[in-house]
Amino acid sequence: MIDSLIDAVIDREGGYVHHPADRGGPTRFGITEGVARANGYVGDMRHFARPAAEAIYRRLYWHRPAFDRVAARAPAVATELFDTGVNMGPAVAAGFLQRALNALNRGARDYADVLLDGRVGPATLTALDRFLAARPAGEGVLVKAIEALQGERYLTLAERRPANEAFLYGWLANRLG
C-alpha cells in the first residue's frame, strides 16, 4: 500500500521546484530542503535522489506517525492521513483524525474522547476501532471529516498569508476528494 501512495505523491509533487512564495524553499519529489538536510542530505536539491525521498516518506510520513497501524484498520483513512501529513505535517493529520473521532463519538457514548495531541497512539487506535465497530460503514464518513478539516485549514492559510493564494487552487483541486 505505502509504495503506491509514495509513487502517487511523488507523481503529484513532481521533480525540482523552487517557488518564490513557498516558505519550504527548494523541494524535490515533494521533500523540502530542510527535511532532506535533517535526514543527512548535503547536496543541491536538484540532485536529491528519488530512493532517498521514498525512504523519507516511508519513515517520517508512514511508520513514525503510525499511519501504517491505521491502515491495518481503515486503509482509506490511512491514505488520507498520509497525503495530509505530507502536505501539512503528520501531527496535523493525526490531529484531524483525533478531532473527527471525537466529533463522531455521539457525545462519548461510543467511546471516550481522545486527547488532541497529534499522535496516533493506543487511545486513538482504540477510538478508531470502536468507531468502526459502532459504524461499520463509517470509514468514508471519517475520510470526509478529515478532508473537511484539511480544506478549512487551506482556506485559513490563504487568508492569513496572501502569498499562499498562489497554492490554494492546487491544494483544493489536488488534495481533497
# chains A, B, ... in the order shown; residues from 1 in each chain; ligands from 1

$ residues_around --residues "segment 71-80 of chain A" --least-positions-apart "5" --cutoff "8 Å" --atoms "only C-alpha atoms" --output "ChimeraX atom specification"
/A:5,129,139-140,142-143,146-147

$ residues_around --residues "Tyr169 of chain A" --least-positions-apart "6" --cutoff "12 Å" --atoms "only C-alpha atoms" --output "compact mmCIF listing (two decimals) with C-alpha atoms, in the first residue's frame"
# COMPACT_ATOMS: atom_id res chain seq x y z
CA GLY A 151 -9.98 22.19 3.37
CA TYR A 154 -6.10 25.55 3.41
CA LEU A 155 -8.56 28.44 3.32
CA ALA A 158 -4.55 31.57 2.27
CA ARG A 175 -5.55 17.27 -2.17
CA LEU A 176 -9.25 16.92 -1.42

$ closest_residue --among "A:Arg109, A:Asp7, A:Tyr16, A:Ala94" --to "Phe67 of chain A" --atoms "only C-alpha atoms"
A:Ala94

$ select_by_dssp --residues "segment 5-79 of chain A" --states "helix (DSSP H, G or I)" --output "MDAnalysis selection string"
chainID A and resid 5:13 33:38 45:47 50:63 67:71 75:79

$ write_last_selection --atoms "C-alpha atoms" --output "short mmCIF file (atom, residue, chain, number, x, y, z; two decimals), in the first residue's frame"
data_model
loop_
_atom_site.label_atom_id
_atom_site.label_comp_id
_atom_site.auth_asym_id
_atom_site.auth_seq_id
_atom_site.Cartn_x
_atom_site.Cartn_y
_atom_site.Cartn_z
CA LEU A 5 0.95 6.05 -2.02
CA ILE A 6 4.56 7.22 -2.27
CA ASP A 7 4.51 6.86 -6.06
CA ALA A 8 1.31 8.92 -6.22
CA VAL A 9 2.65 11.71 -4.04
CA ILE A 10 5.92 11.87 -5.98
CA ASP A 11 4.00 11.98 -9.27
CA ARG A 12 1.83 14.80 -7.90
CA GLU A 13 4.70 16.76 -6.35
CA GLU A 33 15.42 21.06 1.60
CA GLY A 34 15.05 21.30 5.38
CA VAL A 35 13.69 17.77 5.67
CA ALA A 36 16.35 16.44 3.29
CA ARG A 37 19.12 18.12 5.33
CA ALA A 38 17.67 16.83 8.61
CA MET A 45 18.26 19.72 -4.11
CA ARG A 46 18.22 19.45 -7.90
CA HIS A 47 20.12 16.17 -7.45
CA ARG A 50 14.14 9.50 -5.60
CA PRO A 51 15.11 6.50 -3.39
CA ALA A 52 16.08 8.93 -0.64
CA ALA A 53 12.70 10.67 -0.97
CA GLU A 54 10.91 7.33 -0.85
CA ALA A 55 12.78 6.35 2.33
CA ILE A 56 11.88 9.65 4.00
CA TYR A 57 8.22 9.28 3.07
CA ARG A 58 8.13 5.74 4.37
CA ARG A 59 9.89 6.53 7.65
CA LEU A 60 8.66 10.04 8.55
CA TYR A 61 5.21 10.11 7.00
CA TRP A 62 4.04 6.49 7.36
CA HIS A 63 5.78 4.49 10.10
CA PHE A 67 -0.35 5.62 9.87
CA ASP A 68 0.64 2.05 8.99
CA ARG A 69 -1.27 0.96 12.11
CA VAL A 70 -4.29 2.95 10.94
CA ALA A 71 -4.02 1.26 7.53
CA PRO A 75 -6.95 1.87 4.62
CA ALA A 76 -8.87 4.83 3.17
CA VAL A 77 -8.32 6.81 6.37
CA ALA A 78 -4.61 5.95 6.32
CA THR A 79 -4.37 7.06 2.70
#

$ residues_around --residues "Leu116 of chain A" --least-positions-apart "2" --cutoff "10 Å" --atoms "only C-alpha atoms" --output "list in words"
Ala91, Ala94, Gly95, Phe96, Leu97, Gln98, Arg99, Asn102, Asp113, Val114, Gly118, Arg119, Val120 and Thr124 of chain A

$ write_last_selection --atoms "N, CA, C and O atoms" --output "mmCIF file, in the first residue's frame"
data_model
loop_
_atom_site.group_PDB
_atom_site.id
_atom_site.type_symbol
_atom_site.label_atom_id
_atom_site.label_comp_id
_atom_site.auth_asym_id
_atom_site.auth_seq_id
_atom_site.Cartn_x
_atom_site.Cartn_y
_atom_site.Cartn_z
ATOM 1 N N ALA A 91 1.665 15.427 12.362
ATOM 2 C CA ALA A 91 0.955 15.770 13.594
ATOM 3 C C ALA A 91 -0.366 16.473 13.294
ATOM 4 O O ALA A 91 -1.365 16.249 13.987
ATOM 5 N N ALA A 94 -2.745 13.689 12.124
ATOM 6 C CA ALA A 94 -3.199 12.897 13.273
ATOM 7 C C ALA A 94 -4.193 13.696 14.111
ATOM 8 O O ALA A 94 -5.184 13.142 14.605
ATOM 9 N N GLY A 95 -3.950 14.981 14.249
ATOM 10 C CA GLY A 95 -4.888 15.844 14.983
ATOM 11 C C GLY A 95 -6.246 15.908 14.307
ATOM 12 O O GLY A 95 -7.288 15.929 14.980
ATOM 13 N N PHE A 96 -6.257 15.944 12.982
ATOM 14 C CA PHE A 96 -7.529 15.914 12.252
ATOM 15 C C PHE A 96 -8.281 14.614 12.550
ATOM 16 O O PHE A 96 -9.490 14.617 12.760
ATOM 17 N N LEU A 97 -7.568 13.492 12.538
ATOM 18 C CA LEU A 97 -8.195 12.206 12.862
ATOM 19 C C LEU A 97 -8.789 12.261 14.266
ATOM 20 O O LEU A 97 -9.939 11.853 14.480
ATOM 21 N N GLN A 98 -8.021 12.757 15.212
ATOM 22 C CA GLN A 98 -8.495 12.810 16.589
ATOM 23 C C GLN A 98 -9.720 13.714 16.730
ATOM 24 O O GLN A 98 -10.693 13.346 17.399
ATOM 25 N N ARG A 99 -9.683 14.872 16.100
ATOM 26 C CA ARG A 99 -10.841 15.777 16.160
ATOM 27 C C ARG A 99 -12.073 15.119 15.552
ATOM 28 O O ARG A 99 -13.172 15.201 16.117
ATOM 29 N N ASN A 102 -13.450 12.403 17.834
ATOM 30 C CA ASN A 102 -14.144 12.992 18.983
ATOM 31 C C ASN A 102 -15.513 13.532 18.588
ATOM 32 O O ASN A 102 -16.485 13.389 19.332
ATOM 33 N N ASP A 113 -13.633 10.512 24.370
ATOM 34 C CA ASP A 113 -12.823 11.438 23.581
ATOM 35 C C ASP A 113 -11.345 11.108 23.763
ATOM 36 O O ASP A 113 -10.931 10.641 24.828
ATOM 37 N N VAL A 114 -10.568 11.374 22.716
ATOM 38 C CA VAL A 114 -9.126 11.196 22.804
ATOM 39 C C VAL A 114 -8.466 12.554 22.959
ATOM 40 O O VAL A 114 -8.994 13.571 22.503
ATOM 41 N N GLY A 118 -2.009 15.129 18.502
ATOM 42 C CA GLY A 118 -1.366 14.989 17.202
ATOM 43 C C GLY A 118 -0.531 13.739 17.055
ATOM 44 O O GLY A 118 0.342 13.676 16.186
ATOM 45 N N ARG A 119 -0.808 12.729 17.891
ATOM 46 C CA ARG A 119 -0.073 11.463 17.816
ATOM 47 C C ARG A 119 -1.060 10.302 17.777
ATOM 48 O O ARG A 119 -1.996 10.265 18.574
ATOM 49 N N VAL A 120 -0.812 9.379 16.880
ATOM 50 C CA VAL A 120 -1.645 8.177 16.816
ATOM 51 C C VAL A 120 -1.027 7.154 17.760
ATOM 52 O O VAL A 120 -0.045 6.501 17.431
ATOM 53 N N THR A 124 -5.948 6.640 20.476
ATOM 54 C CA THR A 124 -6.510 6.987 19.169
ATOM 55 C C THR A 124 -6.875 5.732 18.392
ATOM 56 O O THR A 124 -7.951 5.669 17.769
#

$ select_by_dssp --residues "chain A" --states "strand (DSSP E or B)" --output "list of chain:residue names"
A:Tyr16, A:Val17, A:Thr27, A:Arg28, A:Ile31, A:Thr32

$ decode --residues "segment 146-161 of chain A" --atoms "N, CA, C and O atoms" --output "compact mmCIF listing (two decimals), in the first residue's frame"
# COMPACT_ATOMS: atom_id res chain seq x y z
N ILE A 146 -12.08 14.34 7.83
CA ILE A 146 -10.66 14.74 7.78
C ILE A 146 -10.44 15.70 6.61
O ILE A 146 -9.76 16.72 6.76
N GLU A 147 -11.02 15.41 5.46
CA GLU A 147 -10.89 16.30 4.30
C GLU A 147 -11.53 17.67 4.56
O GLU A 147 -11.01 18.69 4.11
N ALA A 148 -12.64 17.70 5.29
CA ALA A 148 -13.27 18.98 5.62
C ALA A 148 -12.34 19.82 6.48
O ALA A 148 -12.18 21.04 6.25
N LEU A 149 -11.71 19.20 7.46
CA LEU A 149 -10.75 19.92 8.30
C LEU A 149 -9.55 20.40 7.49
O LEU A 149 -9.06 21.52 7.68
N GLN A 150 -9.10 19.57 6.57
CA GLN A 150 -7.98 19.93 5.70
C GLN A 150 -8.36 21.13 4.83
O GLN A 150 -7.58 22.08 4.70
N GLY A 151 -9.54 21.09 4.22
CA GLY A 151 -9.98 22.19 3.37
C GLY A 151 -10.09 23.50 4.13
O GLY A 151 -9.68 24.56 3.65
N GLU A 152 -10.61 23.43 5.34
CA GLU A 152 -10.73 24.63 6.17
C GLU A 152 -9.35 25.19 6.47
O GLU A 152 -9.14 26.40 6.44
N ARG A 153 -8.40 24.34 6.74
CA ARG A 153 -7.04 24.81 7.04
C ARG A 153 -6.40 25.47 5.82
O ARG A 153 -5.72 26.49 5.94
N TYR A 154 -6.62 24.91 4.62
CA TYR A 154 -6.10 25.55 3.41
C TYR A 154 -6.65 26.95 3.24
O TYR A 154 -5.90 27.89 2.93
N LEU A 155 -7.95 27.11 3.44
CA LEU A 155 -8.56 28.44 3.32
C LEU A 155 -7.97 29.40 4.34
O LEU A 155 -7.65 30.55 4.02
N THR A 156 -7.81 28.93 5.57
CA THR A 156 -7.22 29.77 6.62
C THR A 156 -5.79 30.17 6.26
O THR A 156 -5.40 31.33 6.46
N LEU A 157 -5.01 29.23 5.74
CA LEU A 157 -3.63 29.55 5.35
C LEU A 157 -3.60 30.63 4.27
O LEU A 157 -2.75 31.53 4.31
N ALA A 158 -4.50 30.56 3.33
CA ALA A 158 -4.55 31.57 2.27
C ALA A 158 -5.04 32.91 2.80
O ALA A 158 -4.56 33.96 2.38
N GLU A 159 -5.98 32.89 3.73
CA GLU A 159 -6.48 34.14 4.31
C GLU A 159 -5.43 34.83 5.16
O GLU A 159 -5.30 36.05 5.14
N ARG A 160 -4.66 34.07 5.89
CA ARG A 160 -3.66 34.64 6.80
C ARG A 160 -2.39 35.10 6.09
O ARG A 160 -1.68 35.96 6.61
N ARG A 161 -2.09 34.49 4.95
CA ARG A 161 -0.88 34.83 4.20
C ARG A 161 -1.24 34.89 2.73
O ARG A 161 -1.30 33.85 2.06
